[in-house]
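Heads up, start.txt below (compact mmCIF, C-alpha atoms and all ligand atoms):
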# COMPACT_ATOMS: atom_id res chain seq x y z
CA MET A 1 0.00 0.00 0.00
CA ARG A 2 1.65 3.19 -1.20
CA LEU A 3 -0.56 5.67 0.66
CA LYS A 4 -1.16 4.06 4.02
CA GLY A 5 -2.35 6.68 6.53
CA LYS A 6 -2.36 9.51 3.99
CA VAL A 7 -5.43 11.73 3.68
CA ALA A 8 -6.74 12.39 0.18
CA VAL A 9 -9.53 14.68 -1.00
CA VAL A 10 -11.09 13.99 -4.39
CA THR A 11 -13.33 16.73 -5.75
CA GLY A 12 -16.00 15.35 -8.04
CA GLY A 13 -15.12 12.03 -6.43
CA ALA A 14 -18.62 10.58 -6.51
CA LYS A 15 -18.99 9.66 -10.15
CA GLY A 16 -17.16 9.05 -13.40
CA ILE A 17 -13.38 9.01 -13.31
CA GLY A 18 -13.44 10.69 -9.88
CA GLU A 19 -15.10 7.65 -8.35
CA ALA A 20 -12.22 5.52 -9.62
CA TYR A 21 -9.74 7.95 -8.02
CA SER A 22 -11.66 7.78 -4.70
CA THR A 23 -11.76 3.98 -4.59
CA GLY A 24 -8.25 3.61 -6.03
CA LEU A 25 -6.69 5.96 -3.46
CA ALA A 26 -8.56 4.13 -0.68
CA ALA A 27 -7.30 0.78 -1.99
CA GLU A 28 -3.76 2.15 -1.60
CA GLY A 29 -4.45 2.87 2.07
CA ALA A 30 -5.48 6.54 1.95
CA ASN A 31 -8.32 7.95 4.04
CA VAL A 32 -10.53 9.53 1.41
CA VAL A 33 -12.79 12.59 1.41
CA ILE A 34 -15.28 12.60 -1.42
CA ALA A 35 -16.12 16.25 -2.12
CA ASP A 36 -18.99 16.52 -4.54
CA ILE A 37 -22.37 18.12 -5.18
CA ASP A 38 -24.04 14.71 -5.56
CA GLN A 39 -24.77 13.78 -1.95
CA GLU A 40 -26.62 10.53 -2.62
CA VAL A 41 -24.01 8.98 -4.91
CA GLY A 42 -21.09 10.41 -2.93
CA GLU A 43 -22.36 8.91 0.32
CA ARG A 44 -22.86 5.58 -1.44
CA VAL A 45 -19.24 5.57 -2.68
CA ALA A 46 -17.98 6.47 0.81
CA GLN A 47 -20.07 3.67 2.30
CA SER A 48 -18.76 1.17 -0.23
CA ILE A 49 -15.15 2.14 0.61
CA ASN A 50 -15.87 1.78 4.34
CA GLN A 51 -17.51 -1.62 3.80
CA SER A 52 -14.41 -2.79 1.91
CA GLY A 53 -12.19 -2.02 4.89
CA GLY A 54 -11.10 1.48 3.84
CA LYS A 55 -11.94 4.84 5.40
CA ALA A 56 -13.96 7.51 3.62
CA ILE A 57 -16.35 10.36 4.30
CA PHE A 58 -18.51 12.45 2.02
CA VAL A 59 -18.45 16.25 2.31
CA HIS A 60 -21.04 18.13 0.29
CA THR A 61 -18.98 20.61 -1.72
CA ASP A 62 -19.80 22.87 -4.61
CA VAL A 63 -16.29 23.79 -5.70
CA SER A 64 -17.56 26.95 -7.38
CA GLN A 65 -18.39 28.35 -3.91
CA GLN A 66 -15.30 29.47 -2.03
CA LYS A 67 -16.92 28.93 1.38
CA ASP A 68 -17.61 25.29 0.40
CA THR A 69 -13.95 24.76 -0.51
CA GLU A 70 -12.92 26.09 2.91
CA ASN A 71 -15.50 23.88 4.62
CA MET A 72 -14.23 20.88 2.61
CA VAL A 73 -10.73 21.35 4.02
CA ALA A 74 -12.03 22.12 7.54
CA GLN A 75 -14.11 18.91 7.59
CA THR A 76 -11.15 16.91 6.28
CA VAL A 77 -8.85 18.19 9.01
CA LYS A 78 -11.57 17.76 11.66
CA THR A 79 -12.05 14.11 10.72
CA PHE A 80 -8.60 12.96 9.63
CA LYS A 81 -6.34 15.65 11.26
CA ARG A 82 -4.50 16.55 8.04
CA ILE A 83 -4.67 16.74 4.25
CA ASP A 84 -1.89 15.14 2.20
CA ILE A 85 -3.39 14.87 -1.26
CA LEU A 86 -5.88 16.99 -3.19
CA VAL A 87 -7.17 15.70 -6.52
CA ASN A 88 -8.87 18.58 -8.32
CA ASN A 89 -11.09 16.44 -10.50
CA ALA A 90 -14.53 18.15 -10.37
CA GLY A 91 -15.33 19.48 -13.79
CA ILE A 92 -18.21 20.24 -16.12
CA LEU A 93 -18.50 20.22 -19.89
CA PHE A 94 -20.67 22.03 -22.43
CA ILE A 95 -20.30 21.16 -26.09
CA ALA A 96 -21.45 23.97 -28.38
CA PRO A 97 -20.26 25.57 -31.61
CA ILE A 98 -18.87 29.09 -31.20
CA GLU A 99 -22.07 30.83 -32.28
CA GLU A 100 -24.15 28.85 -29.78
CA THR A 101 -21.79 29.31 -26.83
CA THR A 102 -23.48 31.54 -24.26
CA GLU A 103 -22.25 33.82 -21.51
CA GLU A 104 -23.95 31.50 -19.01
CA MET A 105 -21.92 28.53 -20.29
CA TRP A 106 -18.70 30.54 -19.93
CA ASP A 107 -19.59 31.65 -16.41
CA LYS A 108 -20.44 28.13 -15.23
CA LEU A 109 -17.37 26.55 -16.83
CA LEU A 110 -15.04 29.17 -15.39
CA ALA A 111 -16.68 28.95 -11.95
CA VAL A 112 -16.24 25.17 -11.64
CA ASN A 113 -13.25 24.25 -13.81
CA VAL A 114 -11.02 27.24 -13.03
CA LYS A 115 -12.17 29.23 -9.98
CA GLY A 116 -13.21 26.05 -8.16
CA LEU A 117 -9.88 24.35 -8.79
CA PHE A 118 -8.04 27.49 -7.66
CA PHE A 119 -9.93 27.90 -4.37
CA CYS A 120 -9.79 24.18 -3.49
CA SER A 121 -6.01 24.37 -3.97
CA GLN A 122 -5.73 27.62 -2.01
CA ALA A 123 -7.66 26.16 0.95
CA ALA A 124 -5.71 22.87 0.89
CA ALA A 125 -2.36 24.65 0.51
CA LYS A 126 -2.94 26.59 3.75
CA GLU A 127 -3.03 23.28 5.68
CA MET A 128 -0.28 21.63 3.63
CA LYS A 129 2.03 24.57 4.34
CA LYS A 130 1.60 24.00 8.09
CA GLN A 131 2.49 20.32 7.57
CA LYS A 132 5.35 21.17 5.20
CA SER A 133 4.18 18.50 2.77
CA GLY A 134 1.46 17.87 0.24
CA LYS A 135 0.45 16.81 -3.24
CA ILE A 136 -1.96 18.74 -5.44
CA ILE A 137 -3.07 16.97 -8.61
CA ASN A 138 -5.00 19.00 -11.16
CA ILE A 139 -7.11 17.22 -13.76
CA SER A 140 -6.89 19.10 -17.04
CA SER A 141 -7.59 17.48 -20.43
CA ILE A 142 -5.99 16.97 -23.82
CA ALA A 143 -8.57 19.58 -24.85
CA ALA A 144 -6.13 22.07 -23.27
CA ILE A 145 -3.51 21.44 -25.95
CA GLY A 146 -5.46 20.58 -29.10
CA GLY A 147 -8.33 22.19 -30.95
CA GLN A 148 -11.64 20.35 -30.98
CA ALA A 149 -14.81 21.76 -32.57
CA GLY A 150 -17.48 22.59 -30.01
CA LEU A 151 -15.07 22.81 -27.10
CA CYS A 152 -13.89 26.43 -27.20
CA ALA A 153 -15.04 27.42 -23.71
CA TYR A 154 -14.35 24.02 -22.10
CA SER A 155 -10.86 23.78 -23.62
CA SER A 156 -10.05 27.31 -22.45
CA THR A 157 -10.88 26.38 -18.87
CA LYS A 158 -8.76 23.22 -19.10
CA GLY A 159 -5.94 25.30 -20.60
CA ALA A 160 -6.10 27.68 -17.63
CA VAL A 161 -5.30 24.74 -15.35
CA LEU A 162 -1.75 24.56 -16.78
CA PRO A 163 -0.44 27.98 -15.63
CA ILE A 164 -2.33 27.57 -12.34
CA THR A 165 -0.40 24.31 -11.85
CA ARG A 166 2.95 25.96 -12.55
CA VAL A 167 2.36 29.02 -10.35
CA PHE A 168 1.14 26.94 -7.39
CA ALA A 169 4.13 24.63 -7.89
CA LEU A 170 6.52 27.58 -7.73
CA GLU A 171 4.88 29.34 -4.80
CA LEU A 172 4.70 26.12 -2.78
CA VAL A 173 8.09 24.66 -3.68
CA ASP A 174 9.72 25.66 -0.38
CA PHE A 175 6.97 23.92 1.60
CA ASN A 176 7.60 20.46 0.12
CA ILE A 177 4.28 20.60 -1.74
CA GLN A 178 4.29 19.24 -5.29
CA VAL A 179 1.68 20.41 -7.78
CA ASN A 180 1.20 18.58 -11.07
CA ALA A 181 -1.44 18.16 -13.75
CA ILE A 182 -2.82 15.19 -15.65
CA LEU A 183 -4.26 15.57 -19.14
CA PRO A 184 -6.59 12.64 -19.82
CA GLY A 185 -7.65 11.75 -23.32
CA THR A 186 -11.21 10.71 -24.09
CA THR A 187 -12.16 8.22 -21.42
CA ASP A 188 -14.82 5.56 -21.61
CA THR A 189 -16.81 6.87 -18.64
CA GLY A 190 -18.11 10.04 -17.06
CA MET A 191 -18.48 12.99 -19.41
CA ALA A 192 -17.67 10.96 -22.52
CA ALA A 193 -19.90 7.99 -21.62
CA GLU A 194 -23.00 9.58 -23.10
CA ALA A 195 -21.26 10.39 -26.39
CA SER A 196 -19.73 6.87 -26.44
CA LYS A 197 -23.22 5.40 -26.76
CA ASP A 198 -23.24 6.73 -30.34
CA PRO A 199 -21.31 4.02 -32.26
CA VAL A 200 -20.36 6.44 -35.07
CA TRP A 201 -18.87 8.97 -32.63
CA LYS A 202 -17.10 6.21 -30.71
CA GLN A 203 -15.62 4.72 -33.90
CA GLN A 204 -14.40 8.12 -35.14
CA VAL A 205 -12.74 8.96 -31.84
CA THR A 206 -11.30 5.48 -31.39
CA GLU A 207 -9.77 5.48 -34.87
CA SER A 208 -8.03 8.78 -34.15
CA ILE A 209 -6.26 7.26 -31.13
CA PRO A 210 -3.02 5.39 -31.99
CA MET A 211 -3.84 2.74 -29.35
CA LYS A 212 -7.26 2.32 -31.01
CA ARG A 213 -9.29 2.44 -27.83
CA LEU A 214 -10.73 5.02 -25.44
CA GLY A 215 -9.05 5.51 -22.08
CA ARG A 216 -10.29 3.57 -19.07
CA THR A 217 -10.40 4.84 -15.50
CA ILE A 218 -7.64 2.37 -14.58
CA ASP A 219 -5.37 4.04 -17.17
CA LEU A 220 -5.71 7.35 -15.30
CA LEU A 221 -5.53 5.98 -11.78
CA GLY A 222 -1.86 5.07 -12.22
CA ALA A 223 -0.99 8.68 -13.01
CA VAL A 224 -2.90 9.93 -9.96
CA LEU A 225 -1.17 7.39 -7.70
CA TYR A 226 2.23 8.44 -9.05
CA PHE A 227 1.60 12.13 -8.31
CA ALA A 228 -0.03 11.27 -4.94
CA SER A 229 2.86 9.12 -3.69
CA SER A 230 6.46 9.81 -2.73
CA ASP A 231 7.48 8.40 -6.14
CA SER A 232 6.89 11.92 -7.50
CA ASP A 233 8.69 13.87 -4.76
CA TYR A 234 11.19 15.38 -7.25
CA CYS A 235 8.53 16.27 -9.81
CA THR A 236 6.56 19.53 -9.68
CA GLY A 237 4.82 21.93 -12.06
CA GLN A 238 4.60 19.17 -14.67
CA THR A 239 1.92 17.76 -16.92
CA LEU A 240 1.39 14.10 -17.73
CA ILE A 241 -0.66 13.29 -20.82
CA VAL A 242 -2.53 9.97 -20.63
CA ASP A 243 -4.29 9.67 -23.97
CA GLY A 244 -3.32 6.49 -25.83
CA GLY A 245 -0.93 8.54 -27.95
CA SER A 246 -3.54 10.93 -29.44
CA SER A 247 -1.58 14.10 -28.88
CA MET A 248 1.65 12.88 -30.51
CA ILE A 249 0.11 12.93 -33.99
N1 LIG B 301 -14.30 11.78 -19.46
C1 LIG B 301 -13.35 12.22 -20.27
O1 LIG B 301 -13.22 11.76 -21.41
C2 LIG B 301 -12.39 13.30 -19.80
C3 LIG B 301 -11.31 13.63 -20.62
C4 LIG B 301 -10.40 14.61 -20.20
C5 LIG B 301 -10.57 15.22 -18.97
N2 LIG B 301 -11.63 14.89 -18.19
C6 LIG B 301 -11.76 15.59 -16.91
O2 LIG B 301 -11.83 14.63 -15.87
C7 LIG B 301 -12.67 15.12 -14.81
C8 LIG B 301 -13.76 14.10 -14.51
O3 LIG B 301 -14.50 13.89 -15.69
P1 LIG B 301 -15.66 12.80 -15.77
O4 LIG B 301 -15.77 12.40 -17.17
O5 LIG B 301 -15.47 11.75 -14.73
O6 LIG B 301 -16.93 13.73 -15.40
P2 LIG B 301 -18.34 13.37 -14.73
O7 LIG B 301 -19.28 14.39 -15.25
O8 LIG B 301 -18.68 11.93 -14.90
O9 LIG B 301 -18.05 13.57 -13.18
C9 LIG B 301 -17.79 14.84 -12.67
C10 LIG B 301 -18.01 14.79 -11.15
O10 LIG B 301 -17.86 16.14 -10.68
C11 LIG B 301 -18.98 16.47 -9.86
N3 LIG B 301 -19.22 17.91 -9.95
C12 LIG B 301 -19.73 18.63 -10.98
N4 LIG B 301 -19.81 19.93 -10.65
C13 LIG B 301 -19.31 20.03 -9.39
C14 LIG B 301 -19.12 21.11 -8.49
N5 LIG B 301 -19.51 22.35 -8.81
N6 LIG B 301 -18.58 20.86 -7.29
C15 LIG B 301 -18.22 19.60 -6.93
N7 LIG B 301 -18.39 18.53 -7.74
C16 LIG B 301 -18.93 18.75 -8.94
C17 LIG B 301 -20.13 15.64 -10.43
O11 LIG B 301 -21.17 15.49 -9.50
C18 LIG B 301 -19.40 14.32 -10.74
O12 LIG B 301 -19.33 13.49 -9.61
C19 LIG B 301 -13.19 16.47 -15.28
O13 LIG B 301 -12.40 17.50 -14.74
C20 LIG B 301 -13.02 16.41 -16.79
O14 LIG B 301 -12.88 17.69 -17.35
C21 LIG B 301 -12.54 13.94 -18.57
Re-express the file's structure as structure tokens.
Ligand SMILES: NC(=O)c1ccc[n+]([C@@H]2O[C@H](COP(=O)([O-])OP(=O)(O)OC[C@H]3O[C@@H](n4cnc5c(N)ncnc54)[C@H](O)[C@@H]3O)[C@@H](O)[C@H]2O)c1
Amino acid sequence: MRLKGKVAVVTGGAKGIGEAYSTGLAAEGANVVIADIDQEVGERVAQSINQSGGKAIFVHTDVSQQKDTENMVAQTVKTFKRIDILVNNAGILFIAPIEETTEEMWDKLLAVNVKGLFFCSQAAAKEMKKQKSGKIINISSIAAIGGQAGLCAYSSTKGAVLPITRVFALELVDFNIQVNAILPGTTDTGMAAEASKDPVWKQQVTESIPMKRLGRTIDLLGAVLYFASSDSDYCTGQTLIVDGGSSMI
């Protein structure tokens, strides 16, 4: 067990890829805080981890609300006494061509994917600085580095995660806190699951991936565990692309 006794918070940890991070971190021995807006599913995931011999709690958190991000960290410290790992996974997606992209879409995307990630990190960093250790893992997307029709606003928010990662990494370097980002490719769950039901869409996307398959949650968990563990202690401000080779062509 690589994370025995560590305390990990996973935002958006109730469903999709985030659920796999929550259960995967728990399986490596971490005490897990599932921070999500979906209370029912989040509590179910926490219960399932506890029934399997792990330790988890659910904390209702809307990452777009700064007071919720502070409460998320306060509840974590109250229950588990510290916070070692923050996985900034909560994210939302709107697909719309440029002319149909609204101000409301921009505001929501920025509030969750950028502002939310920033304030979760800010709140966690305050505690990590006291401990003089910590790992912040930001979930971006390959949308941050390539152009995809319909994803102008979403891609912009995922792009913003990259400088946020570098600046946090620099400002926290003296406190033994490493901050890195993961850029997943299209993954066969969560946001992309709905689109994957369309066999034409799935075939088109799959053919564009050198490995000829969509990502699976297990493909991403390894990257999270690397950045969460001491294996990555000499690595900060970096990005790891996990996309079956899509972005190399
Ligand atoms: N699925 C993919 O193909 C893919 C590819 C690249 C990057 N990503 C990124 O991975 C992350 C997870 O994606 P997913 O596909 O599992 O998404 P998903 O929609 O299945 O799950 C997102 C989770 O975040 C929670 N959430 C949404 N808004 C929230 C808020 N305001 N506060 C707290 N929690 C909130 C949801 O309840 C849900 O549990 C996202 O950041 C996404 O951008 C996904």
Quote the spacing between atom CA of A:Ile142 and atom CA of A:Thr186 in Å to one decimal place.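 So the two atoms, atom CA of A:Ile142 and atom CA of A:Thr186, lie 8.2 Å apart.
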Which residues are near ligand LIG 301 (chain B) in this structure, taking near to mean any atom at most 6 Å from a ligand atom and counting only C-alpha atoms and all ligand atoms? Format them as a PyMOL selection string. chain A and resi 11-18+36-38+61-64+89-92+112+139-141+184-187+189-192
Pairwise distance for atom CA of A:Asn113 and atom CA of A:Ile98, rounded to one decimal in Å: 18.9 Å
Which residue gives the smallest distance to A:Gln75 among A:Val32, A:Leu93, A:Leu151, A:Met105, with all atoms listed in the file counted? A:Val32
With only C-alpha atoms as the basis for distance, which of A:Asn88, A:Ser246, A:Met128, A:Val45 is at the shortest distance from A:Ala143? A:Ser246
Rounded to one decimal, what separation in Å do you get between atom CA of A:Ser230 and atom CA of A:Phe118?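 Value for the atom CA of A:Ser230-atom CA of A:Phe118 distance: 23.4 Å.
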List the neighbours of stretch 224-226 of chain A out to 12 Å using all atoms listed in the file; skip same-chain residues closer than 2 positions along the sequence, and give me the result as number ranges by chain. A: 1-3, 6, 8, 10, 17-18, 20-30, 85-89, 135-139, 178-184, 217-222, 228-236, 239-242
Compare A:Asp188, A:Glu70, A:Glu99, A:Asp198 by their minimum atom-to-atom distance to A:Cys120, counting all atoms listed in the file, and give me the closest one.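 The answer is A:Glu70, which sits nearest to A:Cys120.
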Taking (5.5, 17.6, 4.1) in the file's coordinates, which residues come within 9 Å, counting only C-alpha atoms, written as a ChimeraX atom specification? /A:84,128-135,175-177
Residue nearest A:Phe168 - candidates A:Gln238, A:Ser155, A:Ser247, A:Gln148, atoms counted: only C-alpha atoms: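 For A:Phe168, the nearest of the given residues is A:Gln238.
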